[in-house]
Amino acid sequence: MKSSLASTLEDIAEGKVSKDRIFSNRVNHREVKIDGVDIEKDEIFVIQRMKSAEFKEASTILANEKLKNEYDTLNSKLNVSKNDFLKQIQPLFGIKSNVIESEIETVFKQELFKTFERYDADINEIKDPIYSEIIYSEVFNDKSIKFLESKDFKSKIKDYIKVYDTLVNENDSLFMKGTFNHYNADTVTKSLKDNNFFSANHKVKIKEQEITNAKELEELIFNEKEKVLKDPLLASTFNEIDKLLSSSAELRKFRNYVEENQEIIKEFADISNFKKKLILNYLAKFKSEFNVLLKLHNDTFTQRDKIIQEAKKEQDDWKKVIDIFKRRFTVPFEVHIKNQENVILNSEPASLLFKYTDGNGPEDTKFLGGTELQESLSTGEQRVFYLLNIIFQIETRRKLNKNQLVIVDDIADSFDYKNKYAIIEYLKDVLDDPHFFMIVLTHNFDFYKTIKSRLGAKINYQGNWTTTRKSGEIELTIGEKRDVFPILRSNYDICDFTFIACVPFVRNLIDFTIGDDNNNYLLLTSLLHMKPERADKGISKTEDITVQSVLDVFNTTFQQTKIKENSTDNVFDLIITKAKEIYNLADGNPIDIKYKICISIGIRLLAENFMISKIVDPHFHNHILKKQTGQIVDKYRAEFPTEIDNLGILDRVNLMTPENIHVNSFMYEPLMDLTDDHLKILYNDVKTLA
């Protein structure tokens, strides 16, 4: 009901048709009126629970939610296409696709798409990419780079290139340095073959030699290459380089690669340029895919720029939001706005910058932002984005001077305790604005109590509601005017249900104030478990403990002198009777906390009584001091391993009843979450044990 209500109101705010997420074919109807008039969509603001998935592709720009979502949608589409492209070229690089982008940016010293834009024409001019059989990581890795930058290698490579250039210049049949080299020749040959030049009976004349087919041309080029590469002087120079490579076992793979691709040796004279040449040729091999990606980037640029310009208009509002956040909330970092100058001078969006400090030294402070921040986005940072957006939207709406209905859907689950209270105090201040009205939805009983306490001046108890499901419908009933514990303390003499519900409450009070070896503590424990007589403590067995003996404990604890008419009755019988009455309540008749405690105690006692009657040793449980129900279930399982149905019921008893009976820091939180039907069904199942 809670999430459905919030989602329906959010649909109205966004102009969407509401629908059943499960039974999508059903016809739905919604009607929301304020004083008999349909609510307007811009009068609704829904604060949903934080969903971490929303931040997976989210940018860190500061903008209102609508602009930010548009910006993120554009970026998400572009990122998907970019990542697909990087996966396509990954085999040529031989490194993970998510590392290729940073490698390209390092080589060209600029952002990826700026590189693409700058070298677009160069890439498209490459008709036949070269070096596409060369794997980038085989040539450029930590070990090979260290070798290539060594003094010895640089000296040898100069000698090699000097000899190579001399041989090319002296080649009087085909090559000429700087004009027509090996690659030019290979490119011409491929182009002639691909365009059926020789099939049309054309010829090529090189010097005085006529070439009539592709095979002859390929043989000529191959022989001329070999003439250069196999020259004794060049081979001798290569051997000097080979000796350096062979001296290190770590470089053997690199050596083999160089030996098989000797034409790349001369490229090592300028490593930076060779890297660029390799990458540009890789991109040219996937030219069509490259062009599609670059077009998408250019097409979305105008849209992104328009959003950025709109976002820039909100910068003063965001400064105010950051100030509010800094004053009220506690996080392990400082939040700053990045790009203040660039926002004004350039077309860049303002974004968040997180300052982390871990010590007092100059190296103990670090700023994270942009992609670096996205990669390290923890739940804490996600909450900051989420919370800043909430504050921004509220502050923006405050300037409208128009009535606003704010729906807060279980915001408590999104924050730790300290910041949960901070957001409540912020919402309290928002309610000072006469235009703001608020519905807070929660299933967290502790948060409910906190809201009642901290917003008490803003709302009366008529504004506290609980939901009840009746015959397929949801009804709202006024919430309790007082906390549950004062009610238990006040009414235990006049209401048997309250009397029973006080057993675990008072037991815990005694435990907290005196200790668990106190006789009164032990007596009340004997009403939460089936216990034998404790003559040394003056405590009867569970079935024989009277109402008066328990009443005495309550009066002592609460400093009262209350009396009960049924003081001679046995509490065990009273518990079983009242549990049955609760089970027989008509469907749709809500059972409150005291009823849930009563039926939970009854379920546990019936279950333990059944197991003890079946276990071979009837005194097995006499000396169990802690977690009795669980130990009895384990014993029963060991003796009756084939009674699968019974064991299933008993496991549910052990799972569902402990937290319902013992007071915990969440003030009976499990009882608030557990539906009436669950307890009634479990009670009936326990009654059928045999």
# chains A, B, ... in the order shown; residues from 1 in each chain; ligands from 1
>>> residues_around(residues="A:Glu103", least_positions_apart="5", cutoff="12 Å", atoms="only C-alpha atoms", output="PDB file with N, CA and C atoms, in the first residue's frame")
ATOM      1  N   LEU A  86      34.721  -0.061 -28.195  1.00  0.00           N
ATOM      2  CA  LEU A  86      35.991  -0.452 -27.565  1.00  0.00           C
ATOM      3  C   LEU A  86      36.139  -1.964 -27.498  1.00  0.00           C
ATOM      4  N   GLN A  90      39.158  -4.207 -29.193  1.00  0.00           N
ATOM      5  CA  GLN A  90      39.949  -4.800 -28.106  1.00  0.00           C
ATOM      6  C   GLN A  90      40.964  -5.840 -28.582  1.00  0.00           C
ATOM      7  N   PHE A  93      44.279  -4.393 -29.479  1.00  0.00           N
ATOM      8  CA  PHE A  93      45.056  -3.839 -28.365  1.00  0.00           C
ATOM      9  C   PHE A  93      45.596  -4.938 -27.445  1.00  0.00           C
ATOM     10  N   GLY A  94      44.837  -6.017 -27.282  1.00  0.00           N
ATOM     11  CA  GLY A  94      45.282  -7.095 -26.398  1.00  0.00           C
ATOM     12  C   GLY A  94      45.218  -6.736 -24.928  1.00  0.00           C
ATOM     13  N   ILE A  95      44.442  -5.698 -24.593  1.00  0.00           N
ATOM     14  CA  ILE A  95      44.227  -5.309 -23.197  1.00  0.00           C
ATOM     15  C   ILE A  95      42.722  -5.222 -22.972  1.00  0.00           C
ATOM     16  N   LYS A  96      42.314  -5.154 -21.704  1.00  0.00           N
ATOM     17  CA  LYS A  96      40.887  -5.099 -21.408  1.00  0.00           C
ATOM     18  C   LYS A  96      40.268  -3.855 -22.032  1.00  0.00           C
ATOM     19  N   SER A  97      39.030  -4.020 -22.515  1.00  0.00           N
ATOM     20  CA  SER A  97      38.375  -2.919 -23.226  1.00  0.00           C
ATOM     21  C   SER A  97      38.201  -1.688 -22.352  1.00  0.00           C
ATOM     22  N   ASN A  98      38.027  -1.894 -21.021  1.00  0.00           N
ATOM     23  CA  ASN A  98      37.830  -0.729 -20.150  1.00  0.00           C
ATOM     24  C   ASN A  98      39.135   0.027 -19.901  1.00  0.00           C
ATOM     25  N   PHE A 108      47.461  10.309 -26.663  1.00  0.00           N
ATOM     26  CA  PHE A 108      47.157  11.539 -27.404  1.00  0.00           C
ATOM     27  C   PHE A 108      47.014  12.765 -26.494  1.00  0.00           C
ATOM     28  N   LYS A 109      47.110  12.512 -25.173  1.00  0.00           N
ATOM     29  CA  LYS A 109      47.096  13.599 -24.185  1.00  0.00           C
ATOM     30  C   LYS A 109      45.832  14.459 -24.259  1.00  0.00           C
ATOM     31  N   GLN A 110      44.706  13.814 -24.468  1.00  0.00           N
ATOM     32  CA  GLN A 110      43.428  14.518 -24.449  1.00  0.00           C
ATOM     33  C   GLN A 110      42.282  13.510 -24.339  1.00  0.00           C
ATOM     34  N   GLU A 111      41.102  14.029 -24.042  1.00  0.00           N
ATOM     35  CA  GLU A 111      39.929  13.181 -23.846  1.00  0.00           C
ATOM     36  C   GLU A 111      39.619  12.394 -25.113  1.00  0.00           C
ATOM     37  N   LEU A 112      39.015  11.223 -24.949  1.00  0.00           N
ATOM     38  CA  LEU A 112      38.820  10.271 -26.053  1.00  0.00           C
ATOM     39  C   LEU A 112      38.123  10.906 -27.248  1.00  0.00           C
ATOM     40  N   THR A 115      40.064  13.418 -29.162  1.00  0.00           N
ATOM     41  CA  THR A 115      41.026  12.742 -30.044  1.00  0.00           C
ATOM     42  C   THR A 115      40.338  12.296 -31.315  1.00  0.00           C
ATOM     43  N   TYR A 136      49.019  -4.434 -29.930  1.00  0.00           N
ATOM     44  CA  TYR A 136      49.558  -3.300 -29.187  1.00  0.00           C
ATOM     45  C   TYR A 136      50.270  -3.728 -27.903  1.00  0.00           C
ATOM     46  N   SER A 137      49.620  -4.583 -27.121  1.00  0.00           N
ATOM     47  CA  SER A 137      50.187  -4.969 -25.823  1.00  0.00           C
ATOM     48  C   SER A 137      51.430  -5.838 -25.960  1.00  0.00           C
ATOM     49  N   PHE A 140      53.980  -2.868 -26.640  1.00  0.00           N
ATOM     50  CA  PHE A 140      54.085  -1.856 -25.591  1.00  0.00           C
ATOM     51  C   PHE A 140      53.557  -2.400 -24.268  1.00  0.00           C
ATOM     52  N   ASN A 141      54.477  -2.830 -23.450  1.00  0.00           N
ATOM     53  CA  ASN A 141      54.172  -3.244 -22.084  1.00  0.00           C
ATOM     54  C   ASN A 141      55.305  -2.763 -21.195  1.00  0.00           C
ATOM     55  N   LYS A 275      53.105   4.660 -31.365  1.00  0.00           N
ATOM     56  CA  LYS A 275      51.855   4.355 -30.657  1.00  0.00           C
ATOM     57  C   LYS A 275      50.669   5.010 -31.357  1.00  0.00           C
ATOM     58  N   LYS A 276      50.831   6.290 -31.702  1.00  0.00           N
ATOM     59  CA  LYS A 276      49.747   6.998 -32.375  1.00  0.00           C
ATOM     60  C   LYS A 276      49.425   6.361 -33.719  1.00  0.00           C
ATOM     61  N   ILE A 279      47.456   3.129 -33.208  1.00  0.00           N
ATOM     62  CA  ILE A 279      46.072   3.364 -32.771  1.00  0.00           C
ATOM     63  C   ILE A 279      45.226   3.910 -33.913  1.00  0.00           C
TER      64      ILE A 279
END
>>> select_by_dssp(residues="stretch 371-553 of chain A", states="helix (DSSP H, G or I)", output="VMD selection string")
chain A and resid 371 to 375 379 to 398 411 to 414 417 to 430 445 to 454 461 to 463 484 to 491 496 to 513 519 to 525 535 to 537 542 to 544 547 to 553
>>> closest_residue(among="A:Arg454, A:Leu78, A:Ile390, A:Ile265", to="A:Asn298", atoms="only C-alpha atoms")
A:Leu78
>>> residues_around(residues="A:Gln88", least_positions_apart="3", cutoff="12 Å", atoms="only C-alpha atoms", output="ChimeraX atom specification")
/A:81-85,91-98,100,282-283,285-290
>>> write_last_selection(atoms="N, CA, C and O atoms", output="PDB file, in the first residue's frame")
ATOM      1  N   SER A  81      27.332   2.833 -26.614  1.00  0.00           N
ATOM      2  CA  SER A  81      27.917   2.752 -27.961  1.00  0.00           C
ATOM      3  C   SER A  81      29.442   2.789 -27.899  1.00  0.00           C
ATOM      4  O   SER A  81      30.125   2.052 -28.623  1.00  0.00           O
ATOM      5  N   LYS A  82      29.968   3.651 -27.035  1.00  0.00           N
ATOM      6  CA  LYS A  82      31.428   3.743 -26.886  1.00  0.00           C
ATOM      7  C   LYS A  82      32.015   2.418 -26.398  1.00  0.00           C
ATOM      8  O   LYS A  82      33.013   1.919 -26.942  1.00  0.00           O
ATOM      9  N   ASN A  83      31.376   1.829 -25.386  1.00  0.00           N
ATOM     10  CA  ASN A  83      31.874   0.570 -24.832  1.00  0.00           C
ATOM     11  C   ASN A  83      31.789  -0.561 -25.852  1.00  0.00           C
ATOM     12  O   ASN A  83      32.670  -1.425 -25.908  1.00  0.00           O
ATOM     13  N   ASP A  84      30.723  -0.552 -26.660  1.00  0.00           N
ATOM     14  CA  ASP A  84      30.604  -1.576 -27.715  1.00  0.00           C
ATOM     15  C   ASP A  84      31.738  -1.428 -28.726  1.00  0.00           C
ATOM     16  O   ASP A  84      32.314  -2.426 -29.185  1.00  0.00           O
ATOM     17  N   PHE A  85      32.056  -0.188 -29.074  1.00  0.00           N
ATOM     18  CA  PHE A  85      33.139   0.059 -30.029  1.00  0.00           C
ATOM     19  C   PHE A  85      34.484  -0.378 -29.453  1.00  0.00           C
ATOM     20  O   PHE A  85      35.298  -1.008 -30.150  1.00  0.00           O
ATOM     21  N   PRO A  91      40.609  -6.765 -29.528  1.00  0.00           N
ATOM     22  CA  PRO A  91      41.601  -7.769 -29.955  1.00  0.00           C
ATOM     23  C   PRO A  91      42.875  -7.155 -30.522  1.00  0.00           C
ATOM     24  O   PRO A  91      43.953  -7.752 -30.414  1.00  0.00           O
ATOM     25  N   LEU A  92      42.795  -5.977 -31.122  1.00  0.00           N
ATOM     26  CA  LEU A  92      43.976  -5.330 -31.682  1.00  0.00           C
ATOM     27  C   LEU A  92      44.877  -4.773 -30.589  1.00  0.00           C
ATOM     28  O   LEU A  92      46.097  -4.695 -30.757  1.00  0.00           O
ATOM     29  N   PHE A  93      44.279  -4.393 -29.479  1.00  0.00           N
ATOM     30  CA  PHE A  93      45.056  -3.839 -28.365  1.00  0.00           C
ATOM     31  C   PHE A  93      45.596  -4.938 -27.445  1.00  0.00           C
ATOM     32  O   PHE A  93      46.652  -4.774 -26.843  1.00  0.00           O
ATOM     33  N   GLY A  94      44.837  -6.017 -27.282  1.00  0.00           N
ATOM     34  CA  GLY A  94      45.282  -7.095 -26.398  1.00  0.00           C
ATOM     35  C   GLY A  94      45.218  -6.736 -24.928  1.00  0.00           C
ATOM     36  O   GLY A  94      45.880  -7.360 -24.101  1.00  0.00           O
ATOM     37  N   ILE A  95      44.442  -5.698 -24.593  1.00  0.00           N
ATOM     38  CA  ILE A  95      44.227  -5.309 -23.197  1.00  0.00           C
ATOM     39  C   ILE A  95      42.722  -5.222 -22.972  1.00  0.00           C
ATOM     40  O   ILE A  95      41.938  -5.222 -23.920  1.00  0.00           O
ATOM     41  N   LYS A  96      42.314  -5.154 -21.704  1.00  0.00           N
ATOM     42  CA  LYS A  96      40.887  -5.099 -21.408  1.00  0.00           C
ATOM     43  C   LYS A  96      40.268  -3.855 -22.032  1.00  0.00           C
ATOM     44  O   LYS A  96      40.877  -2.791 -22.064  1.00  0.00           O
ATOM     45  N   SER A  97      39.030  -4.020 -22.515  1.00  0.00           N
ATOM     46  CA  SER A  97      38.375  -2.919 -23.226  1.00  0.00           C
ATOM     47  C   SER A  97      38.201  -1.688 -22.352  1.00  0.00           C
ATOM     48  O   SER A  97      38.239  -0.562 -22.851  1.00  0.00           O
ATOM     49  N   ASN A  98      38.027  -1.894 -21.021  1.00  0.00           N
ATOM     50  CA  ASN A  98      37.830  -0.729 -20.150  1.00  0.00           C
ATOM     51  C   ASN A  98      39.135   0.027 -19.901  1.00  0.00           C
ATOM     52  O   ASN A  98      39.129   1.092 -19.298  1.00  0.00           O
ATOM     53  N   ILE A 100      41.338   0.493 -22.603  1.00  0.00           N
ATOM     54  CA  ILE A 100      41.710   1.063 -23.904  1.00  0.00           C
ATOM     55  C   ILE A 100      41.497   2.569 -23.920  1.00  0.00           C
ATOM     56  O   ILE A 100      42.328   3.329 -24.422  1.00  0.00           O
ATOM     57  N   TYR A 282      44.406   1.131 -36.180  1.00  0.00           N
ATOM     58  CA  TYR A 282      43.392   0.266 -35.563  1.00  0.00           C
ATOM     59  C   TYR A 282      41.998   0.856 -35.777  1.00  0.00           C
ATOM     60  O   TYR A 282      41.047   0.152 -36.146  1.00  0.00           O
ATOM     61  N   LEU A 283      41.880   2.160 -35.509  1.00  0.00           N
ATOM     62  CA  LEU A 283      40.579   2.821 -35.651  1.00  0.00           C
ATOM     63  C   LEU A 283      40.121   2.801 -37.102  1.00  0.00           C
ATOM     64  O   LEU A 283      38.928   2.640 -37.391  1.00  0.00           O
ATOM     65  N   LYS A 285      40.705   0.529 -39.247  1.00  0.00           N
ATOM     66  CA  LYS A 285      40.248  -0.815 -39.616  1.00  0.00           C
ATOM     67  C   LYS A 285      38.762  -0.979 -39.307  1.00  0.00           C
ATOM     68  O   LYS A 285      38.063  -1.774 -39.937  1.00  0.00           O
ATOM     69  N   PHE A 286      38.262  -0.215 -38.299  1.00  0.00           N
ATOM     70  CA  PHE A 286      36.836  -0.242 -37.957  1.00  0.00           C
ATOM     71  C   PHE A 286      36.237   1.137 -38.278  1.00  0.00           C
ATOM     72  O   PHE A 286      35.557   1.738 -37.457  1.00  0.00           O
ATOM     73  N   LYS A 287      36.528   1.593 -39.487  1.00  0.00           N
ATOM     74  CA  LYS A 287      36.181   2.959 -39.876  1.00  0.00           C
ATOM     75  C   LYS A 287      34.678   3.234 -39.804  1.00  0.00           C
ATOM     76  O   LYS A 287      34.245   4.273 -39.291  1.00  0.00           O
ATOM     77  N   SER A 288      33.882   2.319 -40.312  1.00  0.00           N
ATOM     78  CA  SER A 288      32.433   2.563 -40.330  1.00  0.00           C
ATOM     79  C   SER A 288      31.885   2.650 -38.908  1.00  0.00           C
ATOM     80  O   SER A 288      31.068   3.525 -38.596  1.00  0.00           O
ATOM     81  N   GLU A 289      32.335   1.751 -38.031  1.00  0.00           N
ATOM     82  CA  GLU A 289      31.882   1.782 -36.639  1.00  0.00           C
ATOM     83  C   GLU A 289      32.372   3.056 -35.939  1.00  0.00           C
ATOM     84  O   GLU A 289      31.646   3.655 -35.138  1.00  0.00           O
ATOM     85  N   PHE A 290      33.602   3.453 -36.259  1.00  0.00           N
ATOM     86  CA  PHE A 290      34.162   4.677 -35.695  1.00  0.00           C
ATOM     87  C   PHE A 290      33.319   5.889 -36.102  1.00  0.00           C
ATOM     88  O   PHE A 290      32.990   6.745 -35.280  1.00  0.00           O
TER      89      PHE A 290
END
>>> atom_distance(atom1="atom CA of A:Arg304", atom2="atom CA of A:Val80")
16.3 Å
>>> atom_distance(atom1="atom CA of A:Ala535", atom2="atom CA of A:Asp516")
17.6 Å
